[in-house]
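Participant: Quick one: this structure, given as structure tokens, is what I'll be asking you about.
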Amino acid sequence: MDGVVDLAEKLRLLDEPFSPAIVGYYNDNKLVVAKVLGEFVWHAHEDTVALFLVLEGRLTIQLRDRDVVLGPGEPFVVPAGVEHCPKADEETYVLLVEPRGTPNTGDAGGDRTRPEREI
């Protein structure tokens, strides 16, 4: 994957919520797009931070002590080891930056865990 990435085109390829797809790499990090609709699972990434950048819609990142509400163009970094649960009441698209190999469900596992895939 090298060259220009058309994010609008990549977002159109997302067919279901919470099935992230890799659109590029930055050092040892993956650039991931995802559709969010409804509530995900509470989870943490023990040794890694996760950057969420809302591309379209509104995203709430629930933390145990507060909610962080993001609109288009607004980023938020979830520190390593912090339990969180993304949710959106309307179809929302995000760009995530996280280390390669980071499972989308972190330490929670379960049936919402998706394999890494490139689009």
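If you're wondering about the labels, chains in the structure tokens are A, B, ... by order shown, residues count from 1 in each chain, ligands from 1 in order shown.
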Which residues come within 7 Å of stretch 79-95 of chain A, counting only C-alpha atoms, excluding same-chain residues fewer than 3 positions away, as an NGL selection string?
Facilitator: :A and (31-50 or 52-64)
Participant: For C-alpha atoms, I'd like the residues from the last selection saved as an mmCIF file, in the first residue's frame.
Facilitator:
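Result saved to again-v6.cif:
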data_model
loop_
_atom_site.group_PDB
_atom_site.id
_atom_site.type_symbol
_atom_site.label_atom_id
_atom_site.label_comp_id
_atom_site.auth_asym_id
_atom_site.auth_seq_id
_atom_site.Cartn_x
_atom_site.Cartn_y
_atom_site.Cartn_z
ATOM 1 C CA LEU A 31 -4.289 3.287 9.575
ATOM 2 C CA VAL A 32 -7.744 1.801 9.953
ATOM 3 C CA VAL A 33 -11.184 2.958 8.842
ATOM 4 C CA ALA A 34 -14.326 1.725 10.552
ATOM 5 C CA LYS A 35 -18.060 2.264 10.507
ATOM 6 C CA VAL A 36 -19.594 2.676 13.961
ATOM 7 C CA LEU A 37 -23.300 2.242 14.640
ATOM 8 C CA GLY A 38 -24.643 1.238 18.019
ATOM 9 C CA GLU A 39 -22.476 0.268 20.953
ATOM 10 C CA PHE A 40 -19.284 -1.799 20.709
ATOM 11 C CA VAL A 41 -17.784 -3.787 23.632
ATOM 12 C CA TRP A 42 -15.972 -2.505 26.688
ATOM 13 C CA HIS A 43 -12.285 -3.274 26.257
ATOM 14 C CA ALA A 44 -8.747 -2.024 26.816
ATOM 15 C CA HIS A 45 -5.476 -2.298 24.927
ATOM 16 C CA GLU A 46 -3.043 -2.933 27.763
ATOM 17 C CA ASP A 47 0.167 -1.844 26.055
ATOM 18 C CA THR A 48 -1.000 0.420 23.251
ATOM 19 C CA VAL A 49 -2.722 3.763 22.748
ATOM 20 C CA ALA A 50 -5.463 4.205 20.169
ATOM 21 C CA PHE A 52 -9.732 7.942 17.021
ATOM 22 C CA LEU A 53 -10.408 10.638 14.413
ATOM 23 C CA VAL A 54 -14.028 11.150 13.385
ATOM 24 C CA LEU A 55 -14.409 11.564 9.630
ATOM 25 C CA GLU A 56 -18.208 11.755 9.482
ATOM 26 C CA GLY A 57 -20.953 11.605 12.115
ATOM 27 C CA ARG A 58 -20.693 11.735 15.919
ATOM 28 C CA LEU A 59 -18.817 9.262 18.089
ATOM 29 C CA THR A 60 -19.054 8.813 21.825
ATOM 30 C CA ILE A 61 -16.115 7.126 23.473
ATOM 31 C CA GLN A 62 -17.394 5.910 26.798
ATOM 32 C CA LEU A 63 -14.793 5.804 29.544
ATOM 33 C CA ARG A 64 -15.490 4.533 33.048
#
Participant: Enumerate, as a ChimeraX atom specification, the complete set of residues in stretch 10-67 of chain A that a backbone-based DSSP assignment places in strand (DSSP E or B).
Facilitator: /A:21-26,29-39,43,50-56,59-63,67
Participant: Using only C-alpha atoms, pick whichever of A:Gly101, A:Leu51, A:Arg66, A:Gly71 has the shortest atom-to-atom distance to A:Arg114.
Facilitator: A:Gly101
Participant: When you draw a straight line from atom CA of A:Asp111 to atom CA of A:Asp15, how long is it in Å?
Facilitator: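 One can read the atom CA of A:Asp111 to atom CA of A:Asp15 distance as 17.2 Å.
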Participant: Go through A:Asp67, A:Asp28, A:Glu118, A:Gly110 and flag the residue nearest A:Glu98, using only C-alpha atoms for the distances.
Facilitator: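 The shortest atom-to-atom distance to A:Glu98 comes from A:Asp28.
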Participant: Atom CA of A:Val97 to atom CA of A:Glu16: how many Å, to one decimal?
Facilitator: 19.6 Å
